[in-house]
$ cat final26.pdb   # PDB, C-alpha atoms
ATOM      1  CA  MET A   1      93.887 117.287  37.916
ATOM      2  CA  ASN A   2      97.284 115.920  36.926
ATOM      3  CA  ARG A   3      99.505 113.582  38.904
ATOM      4  CA  SER A   4     101.852 116.136  40.501
ATOM      5  CA  THR A   5      98.957 118.353  41.641
ATOM      6  CA  ARG A   6      97.362 115.319  43.274
ATOM      7  CA  TYR A   7     100.634 114.491  45.067
ATOM      8  CA  VAL A   8     100.939 118.066  46.344
ATOM      9  CA  LEU A   9      97.310 117.994  47.527
ATOM     10  CA  PHE A  10      97.772 114.609  49.222
ATOM     11  CA  PHE A  11     101.011 115.470  51.014
ATOM     12  CA  THR A  12      99.740 118.889  52.149
ATOM     13  CA  GLY A  13      96.524 117.335  53.511
ATOM     14  CA  GLY A  14      98.407 114.373  54.988
ATOM     15  CA  ALA A  15     100.937 116.626  56.749
ATOM     16  CA  LEU A  16      98.151 118.794  58.208
ATOM     17  CA  ILE A  17      96.287 115.737  59.518
ATOM     18  CA  ALA A  18      99.542 114.322  60.970
ATOM     19  CA  VAL A  19     100.202 117.597  62.842
ATOM     20  CA  LEU A  20      96.638 117.731  64.189
ATOM     21  CA  TYR A  21      96.787 114.043  65.174
ATOM     22  CA  VAL A  22     100.076 114.348  67.082
ATOM     23  CA  TRP A  23      98.837 117.562  68.710
ATOM     24  CA  GLY A  24      95.642 115.788  69.807
ATOM     25  CA  VAL A  25      97.431 112.683  71.114
ATOM     26  CA  VAL A  26      99.977 114.713  73.117
ATOM     27  CA  GLY A  27      97.135 116.500  74.900
ATOM     28  CA  MET A  28      95.340 113.309  75.921
ATOM     29  CA  PRO A  29      95.397 111.950  79.491
ATOM     30  CA  SER A  30      98.030 109.184  79.685
ATOM     31  CA  PHE A  31      96.940 105.584  79.037
ATOM     32  CA  GLY A  32      95.401 103.857  82.067
ATOM     33  CA  SER A  33      95.554 106.926  84.307
ATOM     34  CA  HIS A  34      92.844 107.672  86.852
ATOM     35  CA  ASP A  35      92.325 111.288  85.921
ATOM     36  CA  HIS A  36      89.441 111.622  83.447
ATOM     37  CA  PRO A  37      87.521 114.886  83.884
ATOM     38  CA  TYR A  38      85.119 114.121  81.033
ATOM     39  CA  ARG A  39      84.331 110.639  82.393
ATOM     40  CA  ASP A  40      83.568 112.039  85.841
ATOM     41  CA  ARG A  41      81.122 114.590  84.426
ATOM     42  CA  ALA A  42      79.494 112.060  82.041
ATOM     43  CA  VAL A  43      78.987 109.474  84.813
ATOM     44  CA  HIS A  44      77.562 112.128  87.132
ATOM     45  CA  ALA A  45      75.109 113.364  84.476
ATOM     46  CA  SER A  46      74.161 109.777  83.607
ATOM     47  CA  VAL A  47      73.423 108.786  87.218
ATOM     48  CA  ALA A  48      71.409 111.997  87.664
ATOM     49  CA  HIS A  49      69.077 110.726  84.889
ATOM     50  CA  ALA A  50      68.864 107.177  86.359
ATOM     51  CA  THR A  51      70.844 105.604  83.493
ATOM     52  CA  PRO A  52      73.267 102.796  84.459
ATOM     53  CA  ASN A  53      74.685 102.508  80.915
ATOM     54  CA  VAL A  54      76.672 105.731  80.665
ATOM     55  CA  VAL A  55      77.403 105.135  76.971
ATOM     56  CA  SER A  56      73.666 105.165  76.182
ATOM     57  CA  SER A  57      73.289 108.302  78.282
ATOM     58  CA  VAL A  58      76.045 110.013  76.267
ATOM     59  CA  ASN A  59      74.561 108.793  72.964
ATOM     60  CA  PHE A  60      70.910 109.658  73.493
ATOM     61  CA  ASP A  61      70.725 112.109  76.393
ATOM     62  CA  GLN A  62      73.909 114.165  76.749
ATOM     63  CA  ARG A  63      74.927 114.101  73.068
ATOM     64  CA  GLY A  64      71.693 113.248  71.273
ATOM     65  CA  PHE A  65      72.402 115.699  68.473
ATOM     66  CA  ASP A  66      75.614 113.859  67.478
ATOM     67  CA  THR A  67      73.687 110.591  67.331
ATOM     68  CA  LEU A  68      71.017 112.232  65.158
ATOM     69  CA  GLY A  69      73.828 113.129  62.749
ATOM     70  CA  GLU A  70      75.132 109.547  62.767
ATOM     71  CA  GLU A  71      71.654 108.125  62.153
ATOM     72  CA  THR A  72      71.245 110.493  59.214
ATOM     73  CA  ILE A  73      74.619 109.385  57.779
ATOM     74  CA  PHE A  74      73.522 105.740  58.047
ATOM     75  CA  PHE A  75      70.170 106.535  56.450
ATOM     76  CA  ALA A  76      71.791 108.417  53.571
ATOM     77  CA  SER A  77      74.362 105.679  52.934
ATOM     78  CA  VAL A  78      71.666 102.977  52.725
ATOM     79  CA  VAL A  79      69.714 105.117  50.260
ATOM     80  CA  GLY A  80      72.913 105.748  48.270
ATOM     81  CA  ALA A  81      73.887 102.067  48.173
ATOM     82  CA  ALA A  82      70.338 101.100  47.156
ATOM     83  CA  ALA A  83      70.478 103.620  44.302
ATOM     84  CA  LEU A  84      73.859 102.256  43.150
ATOM     85  CA  LEU A  85      72.720  98.627  43.337
ATOM     86  CA  ARG A  86      69.499  99.000  41.362
ATOM     87  CA  PRO A  87      69.314  96.534  38.455
ATOM     88  CA  SER A  88      70.950  97.760  35.254
ATOM     89  CA  LYS A  89      69.536  97.345  31.751
ATOM     90  CA  GLU A  90      71.733  94.309  30.999
ATOM     91  CA  GLU A  91      70.515  92.426  34.065
ATOM     92  CA  ARG A  92      67.328  90.464  34.424
ATOM     93  CA  GLU A  93      65.736  88.469  37.201
ATOM     94  CA  GLN A  94      66.061  84.761  36.885
ATOM     95  CA  HIS A  95      63.339  82.419  38.077
ATOM     96  CA  ALA A  96      63.794  80.798  41.445
ATOM     97  CA  ALA A  97      64.179  77.380  39.811
ATOM     98  CA  ASN A  98      67.075  78.575  37.649
ATOM     99  CA  ARG A  99      69.104  80.098  40.462
ATOM    100  CA  ASP A 100      72.354  78.262  41.026
ATOM    101  CA  ASN A 101      72.425  75.368  43.455
ATOM    102  CA  LEU A 102      75.251  76.759  45.556
ATOM    103  CA  LEU A 103      72.736  76.870  48.396
ATOM    104  CA  GLN A 104      73.169  73.155  49.101
ATOM    105  CA  VAL A 105      74.623  73.002  52.590
ATOM    106  CA  LEU A 106      75.418  70.312  55.133
ATOM    107  CA  ALA A 107      72.461  69.130  57.215
ATOM    108  CA  SER A 108      74.356  70.112  60.371
ATOM    109  CA  THR A 109      74.850  73.671  59.055
ATOM    110  CA  ARG A 110      71.143  73.885  58.260
ATOM    111  CA  LEU A 111      70.209  72.642  61.743
ATOM    112  CA  LEU A 112      72.614  75.145  63.321
ATOM    113  CA  GLY A 113      70.968  77.888  61.270
ATOM    114  CA  TYR A 114      67.482  76.937  62.441
ATOM    115  CA  VAL A 115      68.650  76.831  66.080
ATOM    116  CA  LEU A 116      70.546  80.115  65.835
ATOM    117  CA  LEU A 117      67.773  82.080  64.078
ATOM    118  CA  PRO A 118      65.387  82.439  67.062
ATOM    119  CA  LEU A 119      68.294  82.738  69.521
ATOM    120  CA  THR A 120      69.945  85.572  67.575
ATOM    121  CA  LEU A 121      66.649  87.439  67.154
ATOM    122  CA  LEU A 122      65.976  87.091  70.894
ATOM    123  CA  VAL A 123      69.462  88.416  71.752
ATOM    124  CA  GLY A 124      68.889  91.307  69.316
ATOM    125  CA  PHE A 125      65.587  92.315  70.959
ATOM    126  CA  ASP A 126      67.198  91.985  74.395
ATOM    127  CA  VAL A 127      70.158  94.194  73.430
ATOM    128  CA  VAL A 128      67.809  96.876  72.029
ATOM    129  CA  ALA A 129      65.339  96.774  74.923
ATOM    130  CA  HIS A 130      67.957  96.942  77.706
ATOM    131  CA  GLY A 131      70.198  99.506  76.026
ATOM    132  CA  HIS A 132      69.728 101.964  78.897
ATOM    133  CA  LEU A 133      70.744  99.343  81.508
ATOM    134  CA  THR A 134      73.364  97.024  80.008
ATOM    135  CA  PRO A 135      75.948  97.312  77.206
ATOM    136  CA  GLY A 136      74.383  97.669  73.793
ATOM    137  CA  GLY A 137      71.437  99.612  72.504
ATOM    138  CA  GLY A 138      69.569 100.394  69.335
ATOM    139  CA  PHE A 139      72.555 100.259  67.006
ATOM    140  CA  GLN A 140      74.128  97.034  68.279
ATOM    141  CA  GLY A 141      70.780  95.278  68.741
ATOM    142  CA  GLY A 142      69.599  96.461  65.331
ATOM    143  CA  VAL A 143      72.642  94.985  63.586
ATOM    144  CA  VAL A 144      72.258  91.725  65.558
ATOM    145  CA  LEU A 145      68.566  91.523  64.568
ATOM    146  CA  ALA A 146      69.284  92.167  60.898
ATOM    147  CA  THR A 147      72.244  89.793  60.615
ATOM    148  CA  GLY A 148      70.367  87.208  62.713
ATOM    149  CA  LEU A 149      67.676  87.090  60.038
ATOM    150  CA  HIS A 150      70.379  86.240  57.481
ATOM    151  CA  VAL A 151      71.317  83.088  59.393
ATOM    152  CA  LEU A 152      68.603  81.646  57.119
ATOM    153  CA  TYR A 153      70.925  82.223  54.156
ATOM    154  CA  VAL A 154      73.741  80.390  55.956
ATOM    155  CA  ALA A 155      71.224  77.570  56.458
ATOM    156  CA  GLY A 156      70.793  77.484  52.682
ATOM    157  CA  ARG A 157      67.262  78.869  52.716
ATOM    158  CA  TYR A 158      67.484  82.006  50.603
ATOM    159  CA  ASP A 159      63.909  81.344  49.453
ATOM    160  CA  ALA A 160      62.660  81.480  53.066
ATOM    161  CA  LEU A 161      64.720  84.612  53.753
ATOM    162  CA  ASP A 162      63.290  86.233  50.626
ATOM    163  CA  ARG A 163      59.720  85.534  51.762
ATOM    164  CA  LEU A 164      60.434  86.638  55.328
ATOM    165  CA  ARG A 165      61.630  90.130  54.410
ATOM    166  CA  PRO A 166      59.414  92.041  51.962
ATOM    167  CA  VAL A 167      61.841  94.857  51.143
ATOM    168  CA  THR A 168      59.226  97.630  50.896
ATOM    169  CA  VAL A 169      58.061  96.926  54.469
ATOM    170  CA  PHE A 170      61.641  97.285  55.731
ATOM    171  CA  GLU A 171      62.170 100.438  53.647
ATOM    172  CA  HIS A 172      59.158 101.955  55.395
ATOM    173  CA  GLY A 173      60.504 100.657  58.714
ATOM    174  CA  GLU A 174      63.807 102.436  58.194
ATOM    175  CA  VAL A 175      62.049 105.738  57.453
ATOM    176  CA  THR A 176      59.729 105.248  60.450
ATOM    177  CA  GLY A 177      62.690 104.683  62.789
ATOM    178  CA  ALA A 178      64.524 107.758  61.491
ATOM    179  CA  LEU A 179      61.383 109.906  61.791
ATOM    180  CA  ALA A 180      60.688 108.567  65.301
ATOM    181  CA  PHE A 181      64.157 109.779  66.392
ATOM    182  CA  VAL A 182      63.448 113.281  65.050
ATOM    183  CA  GLY A 183      59.919 113.158  66.495
ATOM    184  CA  LEU A 184      61.298 112.367  69.965
ATOM    185  CA  GLY A 185      63.651 115.314  69.534
ATOM    186  CA  PHE A 186      60.742 117.643  68.749
ATOM    187  CA  ALA A 187      58.747 116.197  71.667
ATOM    188  CA  GLY A 188      61.599 117.329  73.914
ATOM    189  CA  LEU A 189      61.512 120.739  72.245
ATOM    190  CA  ALA A 190      57.755 121.045  72.780
ATOM    191  CA  VAL A 191      57.816 120.008  76.447
ATOM    192  CA  SER A 192      60.997 121.569  77.784
ATOM    193  CA  GLY A 193      62.091 124.039  75.125
ATOM    194  CA  SER A 194      65.265 122.211  74.048
ATOM    195  CA  PHE A 195      65.633 119.785  71.137
ATOM    196  CA  LEU A 196      66.196 116.097  72.096
ATOM    197  CA  ALA A 197      65.725 116.879  75.815
ATOM    198  CA  ASN A 198      65.022 113.919  78.113
ATOM    199  CA  VAL A 199      61.503 114.863  79.217
ATOM    200  CA  ILE A 200      59.981 111.622  80.560
ATOM    201  CA  PRO A 201      60.226 110.976  84.363
ATOM    202  CA  PHE A 202      63.488 109.095  85.006
ATOM    203  CA  GLY A 203      62.064 106.385  87.289
ATOM    204  CA  THR A 204      64.085 104.139  89.592
ATOM    205  CA  PHE A 205      67.780 103.615  88.819
ATOM    206  CA  GLY A 206      68.229 100.155  87.296
ATOM    207  CA  SER A 207      64.589  99.240  86.666
ATOM    208  CA  PHE A 208      63.353  98.484  83.137
ATOM    209  CA  LEU A 209      61.080 101.516  82.931
ATOM    210  CA  SER A 210      63.689 104.153  83.727
ATOM    211  CA  ALA A 211      66.136 106.603  82.143
ATOM    212  CA  GLY A 212      63.318 108.636  80.539
ATOM    213  CA  THR A 213      63.414 108.858  76.752
ATOM    214  CA  ILE A 214      66.654 106.864  76.320
ATOM    215  CA  ASP A 215      64.912 103.538  75.795
ATOM    216  CA  LEU A 216      62.501 105.115  73.299
ATOM    217  CA  PHE A 217      65.517 106.415  71.368
ATOM    218  CA  ASN A 218      66.991 102.901  71.509
ATOM    219  CA  PHE A 219      63.814 101.457  69.992
ATOM    220  CA  ALA A 220      63.724 104.141  67.273
ATOM    221  CA  VAL A 221      67.378 103.497  66.391
ATOM    222  CA  GLY A 222      66.882  99.726  66.639
ATOM    223  CA  ILE A 223      64.038  99.869  64.106
ATOM    224  CA  GLU A 224      65.984 102.160  61.772
ATOM    225  CA  ILE A 225      69.253 100.188  61.890
ATOM    226  CA  SER A 226      67.730  96.703  61.654
ATOM    227  CA  CYS A 227      65.494  97.713  58.734
ATOM    228  CA  GLY A 228      68.309  99.655  57.051
ATOM    229  CA  VAL A 229      70.773  96.750  57.276
ATOM    230  CA  VAL A 230      68.097  94.355  55.954
ATOM    231  CA  VAL A 231      67.383  96.687  53.008
ATOM    232  CA  LEU A 232      71.119  97.081  52.286
ATOM    233  CA  LEU A 233      71.774  93.330  52.398
ATOM    234  CA  ALA A 234      68.633  92.659  50.355
ATOM    235  CA  HIS A 235      70.091  94.740  47.523
ATOM    236  CA  PHE A 236      73.399  92.865  47.771
ATOM    237  CA  PHE A 237      71.544  89.525  47.738
ATOM    238  CA  GLU A 238      69.445  90.627  44.771
ATOM    239  CA  GLN A 239      72.613  91.458  42.860
ATOM    240  CA  ALA A 240      74.448  88.268  43.850
ATOM    241  CA  ILE A 241      71.676  85.680  43.605
ATOM    242  CA  VAL A 242      68.593  86.917  41.762
ATOM    243  CA  LEU A 243      70.010  89.033  38.952
ATOM    244  CA  ARG A 244      72.080  87.635  36.135
ATOM    245  CA  GLY A 245      73.747  89.648  33.453
ATOM    246  CA  ASN A 246      77.166  90.819  32.457
ATOM    247  CA  PRO A 247      78.163  93.857  34.509
ATOM    248  CA  GLN A 248      81.369  94.107  32.418
ATOM    249  CA  ALA A 249      79.423  94.436  29.166
ATOM    250  CA  ARG A 250      79.348  98.200  29.527
ATOM    251  CA  SER A 251      83.070  98.715  30.064
TER     252      SER A 251
ATOM    253  CA  MET B   1      97.583  90.878  84.971
ATOM    254  CA  ASN B   2      95.496  93.400  83.055
ATOM    255  CA  ASP B   3      98.603  94.679  81.275
ATOM    256  CA  VAL B   4      99.484  91.138  80.139
ATOM    257  CA  VAL B   5      95.993  90.669  78.668
ATOM    258  CA  LEU B   6      96.248  94.000  76.848
ATOM    259  CA  ILE B   7      99.740  93.278  75.482
ATOM    260  CA  VAL B   8      98.687  89.808  74.260
ATOM    261  CA  LEU B   9      95.515  91.165  72.636
ATOM    262  CA  LEU B  10      97.281  94.140  71.035
ATOM    263  CA  THR B  11      99.899  91.770  69.586
ATOM    264  CA  LEU B  12      97.191  89.443  68.261
ATOM    265  CA  VAL B  13      95.253  92.351  66.728
ATOM    266  CA  GLY B  14      98.461  93.561  65.068
ATOM    267  CA  ALA B  15      99.226  90.076  63.737
ATOM    268  CA  ALA B  16      95.661  89.564  62.508
ATOM    269  CA  GLY B  17      95.625  92.983  60.836
ATOM    270  CA  THR B  18      98.854  92.092  59.042
ATOM    271  CA  ALA B  19      97.329  88.752  58.026
ATOM    272  CA  VAL B  20      94.326  90.563  56.485
ATOM    273  CA  VAL B  21      96.652  92.784  54.447
ATOM    274  CA  MET B  22      98.845  89.834  53.408
ATOM    275  CA  THR B  23      95.887  87.703  52.265
ATOM    276  CA  ASN B  24      95.804  87.833  48.504
ATOM    277  CA  SER B  25      92.416  86.538  47.386
ATOM    278  CA  PRO B  26      89.405  88.652  48.444
ATOM    279  CA  GLU B  27      87.255  85.647  49.447
ATOM    280  CA  ARG B  28      89.912  84.459  51.912
ATOM    281  CA  GLN B  29      90.343  88.037  53.037
ATOM    282  CA  ALA B  30      86.684  88.082  54.118
ATOM    283  CA  VAL B  31      87.508  85.229  56.520
ATOM    284  CA  THR B  32      90.700  86.784  57.919
ATOM    285  CA  LEU B  33      88.803  90.079  58.259
ATOM    286  CA  GLY B  34      86.207  88.257  60.365
ATOM    287  CA  MET B  35      88.949  86.792  62.598
ATOM    288  CA  PHE B  36      90.504  90.255  62.912
ATOM    289  CA  GLY B  37      87.062  91.568  63.925
ATOM    290  CA  VAL B  38      86.695  88.987  66.717
ATOM    291  CA  LEU B  39      90.146  89.845  68.127
ATOM    292  CA  LEU B  40      89.427  93.564  67.897
ATOM    293  CA  SER B  41      86.168  93.169  69.827
ATOM    294  CA  LEU B  42      88.029  91.139  72.505
ATOM    295  CA  LEU B  43      90.518  94.016  72.782
ATOM    296  CA  PHE B  44      87.662  96.511  73.190
ATOM    297  CA  LEU B  45      86.183  94.255  75.889
ATOM    298  CA  ALA B  46      89.535  94.143  77.711
ATOM    299  CA  LEU B  47      89.685  97.945  77.502
ATOM    300  CA  GLN B  48      86.289  98.019  79.309
ATOM    301  CA  ALA B  49      84.315  99.226  76.282
ATOM    302  CA  PRO B  50      81.623  96.513  75.945
ATOM    303  CA  ASP B  51      79.330  98.753  73.867
ATOM    304  CA  VAL B  52      81.994  99.236  71.225
ATOM    305  CA  ALA B  53      82.951  95.546  71.425
ATOM    306  CA  LEU B  54      79.347  94.602  70.659
ATOM    307  CA  SER B  55      79.192  96.985  67.683
ATOM    308  CA  GLN B  56      82.487  95.647  66.355
ATOM    309  CA  LEU B  57      81.362  92.037  66.787
ATOM    310  CA  ALA B  58      78.057  92.596  64.969
ATOM    311  CA  VAL B  59      79.380  94.758  62.145
ATOM    312  CA  GLY B  60      82.918  93.441  61.706
ATOM    313  CA  THR B  61      82.384  89.697  61.957
ATOM    314  CA  ALA B  62      78.994  89.220  60.306
ATOM    315  CA  PHE B  63      77.809  92.202  58.293
ATOM    316  CA  VAL B  64      80.992  93.291  56.465
ATOM    317  CA  PRO B  65      82.310  89.779  55.523
ATOM    318  CA  LEU B  66      78.815  88.910  54.235
ATOM    319  CA  MET B  67      78.770  91.999  52.016
ATOM    320  CA  VAL B  68      82.289  91.170  50.751
ATOM    321  CA  MET B  69      81.310  87.562  49.943
ATOM    322  CA  LEU B  70      78.122  88.636  48.144
ATOM    323  CA  THR B  71      80.046  91.203  46.110
ATOM    324  CA  ILE B  72      82.644  88.590  45.112
ATOM    325  CA  ARG B  73      79.895  86.185  44.144
ATOM    326  CA  LYS B  74      78.279  88.826  41.952
ATOM    327  CA  ILE B  75      81.567  89.673  40.234
ATOM    328  CA  ARG B  76      82.493  85.999  39.652
ATOM    329  CA  GLY B  77      78.976  85.233  38.386
ATOM    330  CA  GLY B  78      79.140  88.075  35.906
ATOM    331  CA  ARG B  79      82.281  86.635  34.267
ATOM    332  CA  GLN B  80      80.742  83.354  33.262
TER     333      GLN B  80
END

$ encode --input "final26.pdb" --output "structure tokens"
Amino acid sequence: MNRSTRYVLFFTGGALIAVLYVWGVVGMPSFGSHDHPYRDRAVHASVAHATPNVVSSVNFDQRGFDTLGEETIFFASVVGAAALLRPSKEEREQHAANRDNLLQVLASTRLLGYVLLPLTLLVGFDVVAHGHLTPGGGFQGGVVLATGLHVLYVAGRYDALDRLRPVTVFEHGEVTGALAFVGLGFAGLAVSGSFLANVIPFGTFGSFLSAGTIDLFNFAVGIEISCGVVVLLAHFFEQAIVLRGNPQARS
Amino acid sequence: MNDVVLIVLLTLVGAAGTAVVMTNSPERQAVTLGMFGVLLSLLFLALQAPDVALSQLAVGTAFVPLMVMLTIRKIRGGRQ
């Protein structure tokens, strides 16, 4: 494809998107107004299923199929990145003793890392577990859990981080989380005849065991996202710290 | 009152976004990107979207800058 064809393609596509965007924005309710028909229906449906966090209700109850799509996109992108970041022929692992000493950090940074590690993991579990009640859920908590683990790297302990996260275990964890989401969908299909239906008794509004399947979805997503982010970062760390070689040698 | 908070935060997000674009070296850009992420999540919080704010905080201020820094480290290491 030559340059002028690309320009024509870009400007045609860009103009179409601009028209659609302006059309969409003009039709929106004005900023800060009190008239939101979709919000009213979503809140009503959420309260009917004893779910205080309406966002979680939209994600896992009212619009579960969209979330299944998003989880699949995340899953596919981790697999894709892992395939791209696999060691090339020119690269080889260097022994732990030979890795560069850039990991020397201030004692205060190391202490902060050790203090923050359990705190961040606790916050992550809390955000996942209470996703149906308070802001957050499987995605947010999963990312907090995974990045919380990497506080160890900030503390200069890549060796400890490396021992703490056997990558194959987390690869299996990611698959398990993704399958659990689909499995919960089929459970809804088996019990009520519709895929991803919320089939568990809703319980009391606001109590921990409530909102039916939403918390189970949060746990499934939490496992998938935390494991997926750990796997993704593990490949980046492997490339940056463990492998040495000249990536430019091929070009 | 709420309008003032929104105007201040929108201005800060705009300024921080410009700062990210104007930062030349990628390793400094990872830091300005993190600052931009914090401001953006504050804006989401002010717009009463705490779920989105939490996602933005976790992904934009920790996960993405870390990936950028690791990538830079790999590229710089390969040159030696």

$ closest_residue --input "final26.pdb" --among "A:Ala190, A:Val144, A:Ala160, A:Val229" --to "Thr61 (chain B)" --atoms "all atoms listed in the file"
A:Val144

$ atom_distance --input "final26.pdb" --atom1 "CA of Phe65 (chain A)" --atom2 "CA of Phe44 (chain B)"
25.0 Å

$ resolve_selection --input "final26.pdb" --expression "the PyMOL selection byres ((chain B) within 10 of (chain A))" --output "count of residues only"
30

$ closest_residue --input "final26.pdb" --among "B:Val64, B:Val5, B:Leu33, B:Gln48" --to "Gly17 (chain B)" --atoms "all atoms listed in the file"
B:Leu33

$ residues_around --input "final26.pdb" --residues "Val20 (chain B)" --least-positions-apart "2" --cutoff "8 Å" --atoms "only C-alpha atoms" --output "VMD selection string"
chain B and resid 16 to 18 22 to 23 29 32 to 33 36

$ atom_distance --input "final26.pdb" --atom1 "CA of Asp66 (chain A)" --atom2 "CA of Ala42 (chain A)"
15.2 Å

$ residues_around --input "final26.pdb" --residues "region 173-183 of chain A" --least-positions-apart "2" --cutoff "6 Å" --atoms "all atoms listed in the file" --output "list in words"
Phe170, Glu171, Gly185, Phe186, Ala220, Ile223, Glu224, Cys227 and Gly228 of chain A

$ resolve_selection --input "final26.pdb" --expression "the PyMOL selection byres ((chain B and resi 39) around 8)" --output "JSON, numbers by chain"
{"B": [9, 12, 13, 16, 35, 36, 37, 38, 40, 41, 42, 43]}

$ atom_distance --input "final26.pdb" --atom1 "CA of Ala129 (chain A)" --atom2 "CA of Leu216 (chain A)"
9.0 Å

$ resolve_selection --input "final26.pdb" --expression "the PyMOL selection byres ((chain A and resi 196) around 12)" --output "ChimeraX atom specification"
/A:59-68,180-195,197-200,212-214,216-217

$ closest_residue --input "final26.pdb" --among "A:Ala155, A:Leu121, A:Leu84, A:Ala211" --to "Ser108 (chain A)" --atoms "only C-alpha atoms"
A:Ala155

$ decode --input "final26.pdb" --residues "region 89-148 of chain A" --atoms "C-alpha atoms" --output "PDB file, in the first residue's frame"
ATOM      1  CA  LYS A  89      18.086 -17.500  19.882  1.00  0.00           C
ATOM      2  CA  GLU A  90      20.618 -14.729  20.605  1.00  0.00           C
ATOM      3  CA  GLU A  91      19.562 -14.448  24.243  1.00  0.00           C
ATOM      4  CA  ARG A  92      20.624 -16.641  27.106  1.00  0.00           C
ATOM      5  CA  GLU A  93      19.865 -16.740  30.800  1.00  0.00           C
ATOM      6  CA  GLN A  94      22.536 -15.351  33.011  1.00  0.00           C
ATOM      7  CA  HIS A  95      23.214 -16.784  36.447  1.00  0.00           C
ATOM      8  CA  ALA A  96      21.736 -14.980  39.404  1.00  0.00           C
ATOM      9  CA  ALA A  97      25.209 -13.971  40.596  1.00  0.00           C
ATOM     10  CA  ASN A  98      26.013 -12.269  37.288  1.00  0.00           C
ATOM     11  CA  ARG A  99      22.864 -10.170  37.114  1.00  0.00           C
ATOM     12  CA  ASP A 100      23.602  -6.477  37.381  1.00  0.00           C
ATOM     13  CA  ASN A 101      23.673  -4.865  40.798  1.00  0.00           C
ATOM     14  CA  LEU A 102      21.137  -2.181  39.958  1.00  0.00           C
ATOM     15  CA  LEU A 103      18.959  -3.774  42.628  1.00  0.00           C
ATOM     16  CA  GLN A 104      20.863  -2.019  45.417  1.00  0.00           C
ATOM     17  CA  VAL A 105      18.315   0.262  47.033  1.00  0.00           C
ATOM     18  CA  LEU A 106      18.156   2.500  50.083  1.00  0.00           C
ATOM     19  CA  ALA A 107      17.405   0.718  53.359  1.00  0.00           C
ATOM     20  CA  SER A 108      14.355   2.955  53.818  1.00  0.00           C
ATOM     21  CA  THR A 109      13.000   1.937  50.388  1.00  0.00           C
ATOM     22  CA  ARG A 110      13.510  -1.719  51.279  1.00  0.00           C
ATOM     23  CA  LEU A 111      11.715  -1.273  54.615  1.00  0.00           C
ATOM     24  CA  LEU A 112       8.848   0.538  52.871  1.00  0.00           C
ATOM     25  CA  GLY A 113       8.613  -2.364  50.430  1.00  0.00           C
ATOM     26  CA  TYR A 114       8.403  -4.940  53.215  1.00  0.00           C
ATOM     27  CA  VAL A 115       5.715  -2.895  55.007  1.00  0.00           C
ATOM     28  CA  LEU A 116       3.715  -2.270  51.838  1.00  0.00           C
ATOM     29  CA  LEU A 117       3.785  -5.878  50.568  1.00  0.00           C
ATOM     30  CA  PRO A 118       1.333  -7.392  53.101  1.00  0.00           C
ATOM     31  CA  LEU A 119      -0.756  -4.196  53.192  1.00  0.00           C
ATOM     32  CA  THR A 120      -1.175  -4.094  49.402  1.00  0.00           C
ATOM     33  CA  LEU A 121      -2.040  -7.802  49.221  1.00  0.00           C
ATOM     34  CA  LEU A 122      -4.620  -7.334  51.994  1.00  0.00           C
ATOM     35  CA  VAL A 123      -6.186  -4.350  50.178  1.00  0.00           C
ATOM     36  CA  GLY A 124      -6.242  -6.421  46.964  1.00  0.00           C
ATOM     37  CA  PHE A 125      -8.097  -9.326  48.619  1.00  0.00           C
ATOM     38  CA  ASP A 126     -10.492  -6.860  50.260  1.00  0.00           C
ATOM     39  CA  VAL A 127     -11.257  -5.109  46.955  1.00  0.00           C
ATOM     40  CA  VAL A 128     -11.932  -8.466  45.236  1.00  0.00           C
ATOM     41  CA  ALA A 129     -14.012  -9.935  48.066  1.00  0.00           C
ATOM     42  CA  HIS A 130     -16.255  -6.876  48.560  1.00  0.00           C
ATOM     43  CA  GLY A 131     -16.705  -6.081  44.874  1.00  0.00           C
ATOM     44  CA  HIS A 132     -20.478  -6.542  45.120  1.00  0.00           C
ATOM     45  CA  LEU A 133     -20.736  -4.107  48.073  1.00  0.00           C
ATOM     46  CA  THR A 134     -18.117  -1.372  47.681  1.00  0.00           C
ATOM     47  CA  PRO A 135     -16.231   0.167  44.734  1.00  0.00           C
ATOM     48  CA  GLY A 136     -13.872  -2.261  43.069  1.00  0.00           C
ATOM     49  CA  GLY A 137     -14.138  -5.898  42.167  1.00  0.00           C
ATOM     50  CA  GLY A 138     -12.238  -8.674  40.484  1.00  0.00           C
ATOM     51  CA  PHE A 139     -10.436  -6.511  37.947  1.00  0.00           C
ATOM     52  CA  GLN A 140      -9.296  -3.725  40.277  1.00  0.00           C
ATOM     53  CA  GLY A 141      -8.445  -6.103  43.127  1.00  0.00           C
ATOM     54  CA  GLY A 142      -6.637  -8.441  40.743  1.00  0.00           C
ATOM     55  CA  VAL A 143      -4.394  -5.650  39.452  1.00  0.00           C
ATOM     56  CA  VAL A 144      -3.731  -4.456  43.029  1.00  0.00           C
ATOM     57  CA  LEU A 145      -2.802  -8.017  44.081  1.00  0.00           C
ATOM     58  CA  ALA A 146      -0.469  -8.519  41.130  1.00  0.00           C
ATOM     59  CA  THR A 147       1.264  -5.141  41.372  1.00  0.00           C
ATOM     60  CA  GLY A 148       1.408  -5.490  45.175  1.00  0.00           C
TER      61      GLY A 148
END
